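**Q** Dropping the structure in here first, questions after.
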Amino acid sequence: MTPSETTPATVTAPAGLTAVTVVGNPKKDSRTRAAAERVAAQLGAQNHTIELSELGPGLLGWGDPAIAQAVSAVQGADLAIFASPTFKAAYTGLLKLFLDQFPGGTGLQDVVAVPLMLGGSQAHSLAPELTLRPVLSELGATCPAAALYLIDSQYETDGALEAWVERWGGTVAAACRAAGSVREGEGSDDGR
């Protein structure tokens with residue numbers, strides 16, 4: 001089978017799995033967004049997308065209602081896909097401004113996260129693993145799978161996204177199930 005004939009991987013996701021894709025590309029409706037939404041779809045999640053480029057100057061401070069709503073949406077999701085183009089071997093400043101809105105250590109507690117970056121070549125293929133994943137972990141996210149790096153001009157046909165879902169989709173789904181059971185038990189008064 002050639003990469004262009006690759007069929008989407010399927011994952012048995014937990015019922016009602018909710019995902020938020022956070023797009024750190026300054027360009028609206030980018031390939032970064034399309035790739036992140038494709039990951040969410042192949043993981044079987046009901047997805048909501050946050051385009052950080054639409055949040056504007058509220059990202060430069062604290063207390064903006066639109067930013068607070070976006071932060072709350074991410075914290076309430078079972079799965080968060082943090083997507084960015086690769087700029088200077090790292091994720092964008094736009095995404096960094098958003099991540100700064102979360103409290104360190106607990107801001108993404110009980111959220112399963114997938115770090116996703118797109119780039120022009122394999123030269124920066126370790127960028128999501130070395131730059132984005134550590135920040136998400138510092139904020140308390142669970143990152144159960146390898147970070148995903150895609151070549152932006154080839155990801156629709158090269159099969160890399162599908163191969164990642166095939167390899168890591170079950171692990172991500174299991175982590176979402178575990179995090180979901182933790183959330184459900186938070187309000188419990190049964191003494192456990």
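Chain labels A, B, ... are given in the sequence in which chains occur in the structure tokens; within each chain residues are numbered consecutively from 1, and ligands are likewise numbered from 1 in the order shown.
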Find the spatial neighbours of region 27-35 of chain A, counting only C-alpha atoms, within a cut-off of 8 Å - ignore same-chain residues fewer than 2 positions away - and output them as a list in words.
**A**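 So, after excluding close chain neighbours, the residues are Thr21, Val23, Asn25, Glu37, Arg38, Val39, Glu51, Ser53, Glu54, Ala83, Ser84, Pro85, Met117, Leu118, Asp152 and Tyr155 of chain A.
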**Q** Would you mind exporting C-alpha atoms of the selected residues as a PDB file, in the first residue's frame?
**A**
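Final output, saved to part_38.pdb:
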```
ATOM      1  CA  THR A  21      -7.505  21.210  19.770  1.00  0.00           C
ATOM      2  CA  VAL A  23      -4.027  25.776  17.475  1.00  0.00           C
ATOM      3  CA  ASN A  25      -0.593  29.002  14.360  1.00  0.00           C
ATOM      4  CA  GLU A  37      -8.512  18.107  13.872  1.00  0.00           C
ATOM      5  CA  ARG A  38      -7.599  15.038  11.854  1.00  0.00           C
ATOM      6  CA  VAL A  39      -5.813  13.541  14.875  1.00  0.00           C
ATOM      7  CA  GLU A  51      -7.766  29.173  17.303  1.00  0.00           C
ATOM      8  CA  SER A  53      -4.980  33.714  16.625  1.00  0.00           C
ATOM      9  CA  GLU A  54      -8.584  34.765  17.303  1.00  0.00           C
ATOM     10  CA  ALA A  83      -0.689  22.043  17.814  1.00  0.00           C
ATOM     11  CA  SER A  84       1.890  24.464  16.494  1.00  0.00           C
ATOM     12  CA  PRO A  85       3.991  25.047  13.425  1.00  0.00           C
ATOM     13  CA  MET A 117       4.039  20.182  15.613  1.00  0.00           C
ATOM     14  CA  LEU A 118       4.316  20.611  11.866  1.00  0.00           C
ATOM     15  CA  ASP A 152       3.317  20.100   6.704  1.00  0.00           C
ATOM     16  CA  TYR A 155       1.082  14.789   6.194  1.00  0.00           C
TER      17      TYR A 155
END
```
**Q** For Ala147 (chain A), find every residue with an atom within 6 Å (counting only C-alpha atoms), except residues of its own chain fewer than 2 positions away, and show them as a PyMOL selection string.
**A** chain A and resi 115+128-129
**Q** Output C-alpha atoms of each residue in that selection to a file, as a short mmCIF file (atom, residue, chain, number, x, y, z; two decimals), in the first residue's frame.
**A**
```
data_model
loop_
_atom_site.label_atom_id
_atom_site.label_comp_id
_atom_site.auth_asym_id
_atom_site.auth_seq_id
_atom_site.Cartn_x
_atom_site.Cartn_y
_atom_site.Cartn_z
CA PRO A 115 1.94 17.59 21.57
CA PRO A 128 7.64 18.59 19.89
CA GLU A 129 9.32 16.01 22.11
#
```
**Q** Which of region 12-45 of chain A end up as helix (DSSP H, G or I) when DSSP is run on this backbone - answer as a ChimeraX atom specification?
**A** /A:31-42
**Q** Restricting the output to C-alpha atoms, write the selected residues as a compact mmCIF listing (two decimals), in the first residue's frame.
**A**
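See out23.txt below for the written result:
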```
# COMPACT_ATOMS: atom_id res chain seq x y z
CA ARG A 31 -2.61 23.14 7.96
CA THR A 32 -1.73 23.00 11.66
CA ARG A 33 -5.43 23.19 12.49
CA ALA A 34 -6.36 20.65 9.83
CA ALA A 35 -3.77 18.17 11.11
CA ALA A 36 -4.85 18.58 14.75
CA GLU A 37 -8.51 18.11 13.87
CA ARG A 38 -7.60 15.04 11.85
CA VAL A 39 -5.81 13.54 14.88
CA ALA A 40 -8.88 14.20 17.05
CA ALA A 41 -11.18 12.61 14.46
CA GLN A 42 -9.02 9.52 14.10
```
**Q** Could you state the separation of CA of Gly170 (chain A) and CA of Gly105 (chain A) in Å, given to one decimal place?
**A**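 Between CA of Gly170 (chain A) and CA of Gly105 (chain A) the gap works out to 25.8 Å.
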**Q** Nearest residue to Leu55 (chain A) out of A:Trp168, A:Phe98, A:Phe87, A:Phe82, using only C-alpha atoms?
**A**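 Comparing A:Trp168, A:Phe98, A:Phe87, A:Phe82 against Leu55 (chain A), the winner is A:Phe98.
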**Q** Separation of CA of Trp164 (chain A) and CA of Gly16 (chain A), in Å?
**A**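 Those two atoms sit 22.0 Å apart.
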**Q** What does the distance from CA of Pro144 (chain A) to CA of Cys176 (chain A) come to in Å, to one decimal?
**A**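 Straight-line distance from CA of Pro144 (chain A) to CA of Cys176 (chain A) works out to 9.6 Å.
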**Q** Excluding Ile50 (chain A) and its own-chain neighbours fewer than 2 positions away, which residues fall within 8 Å of it when counting only C-alpha atoms? Please give them as a PDB file with N, CA and C atoms, in the first residue's frame.
**A**
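Wrote result.pdb, looks like this:
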```pdb
ATOM      1  N   VAL A  20     -10.197  18.962  22.825  1.00  0.00           N
ATOM      2  CA  VAL A  20     -10.020  20.358  22.446  1.00  0.00           C
ATOM      3  C   VAL A  20      -8.706  20.426  21.692  1.00  0.00           C
ATOM      4  N   THR A  21      -8.746  20.960  20.489  1.00  0.00           N
ATOM      5  CA  THR A  21      -7.505  21.210  19.770  1.00  0.00           C
ATOM      6  C   THR A  21      -7.172  22.680  19.948  1.00  0.00           C
ATOM      7  N   VAL A  22      -5.971  22.928  20.426  1.00  0.00           N
ATOM      8  CA  VAL A  22      -5.476  24.281  20.643  1.00  0.00           C
ATOM      9  C   VAL A  22      -4.485  24.556  19.526  1.00  0.00           C
ATOM     10  N   VAL A  23      -4.831  25.509  18.660  1.00  0.00           N
ATOM     11  CA  VAL A  23      -4.027  25.776  17.475  1.00  0.00           C
ATOM     12  C   VAL A  23      -3.202  27.038  17.690  1.00  0.00           C
ATOM     13  N   HIS A  48     -13.592  20.219  19.759  1.00  0.00           N
ATOM     14  CA  HIS A  48     -13.811  21.668  19.764  1.00  0.00           C
ATOM     15  C   HIS A  48     -12.441  22.291  19.503  1.00  0.00           C
ATOM     16  N   LEU A  52      -5.967  30.150  18.601  1.00  0.00           N
ATOM     17  CA  LEU A  52      -5.369  31.180  19.443  1.00  0.00           C
ATOM     18  C   LEU A  52      -5.219  32.507  18.711  1.00  0.00           C
ATOM     19  N   ALA A  70     -11.397  29.850  27.281  1.00  0.00           N
ATOM     20  CA  ALA A  70     -10.575  28.894  26.534  1.00  0.00           C
ATOM     21  C   ALA A  70      -9.799  27.987  27.484  1.00  0.00           C
TER      22      ALA A  70
END
```
**Q** Assign secondary structure with DSSP using the backbone only, and return the residues of region 2-164 of chain A in strand (DSSP E or B) as a count of residues only.
**A** 34
**Q** Considering only C-alpha atoms, can you say which of A:Ala80, A:Ala113, A:Ala68, A:Ala145 comes closest to Val165 (chain A)?
**A** A:Ala145
**Q** With only C-alpha atoms as the atoms that count, which of A:Leu139, A:Leu132, A:Ala77, A:Leu94 lies nearest to Gly180 (chain A)?
**A** A:Ala77
**Q** Of the candidates A:Thr86, A:Thr157, A:Gln69, A:Gln46, which shows the shortest atom-to-atom distance to Gln101 (chain A), using only C-alpha atoms?
**A**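 Comparing A:Thr86, A:Thr157, A:Gln69, A:Gln46 against Gln101 (chain A), the winner is A:Gln69.
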**Q** For Ser137 (chain A), find every residue with an atom within 10 Å (counting only C-alpha atoms), except residues of its own chain fewer than 3 positions away, and show them as an MDAnalysis selection string.
**A** chainID A and resid 104:106 108:109 112:113 132:134 140:143
**Q** For Val71 (chain A), which residue among A:Leu59, A:Ala45, A:Phe102, A:Thr171 is the nearest when counting only C-alpha atoms?
**A**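 Under the stated criterion, the closest residue is A:Phe102.
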**Q** Quick one: of A:Leu43, A:Leu60, A:Ala73, A:Leu130, who's nearest to Leu161 (chain A), counting only C-alpha atoms?
**A**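 Once distances to Leu161 (chain A) are computed over only C-alpha atoms, the minimum belongs to A:Leu43.
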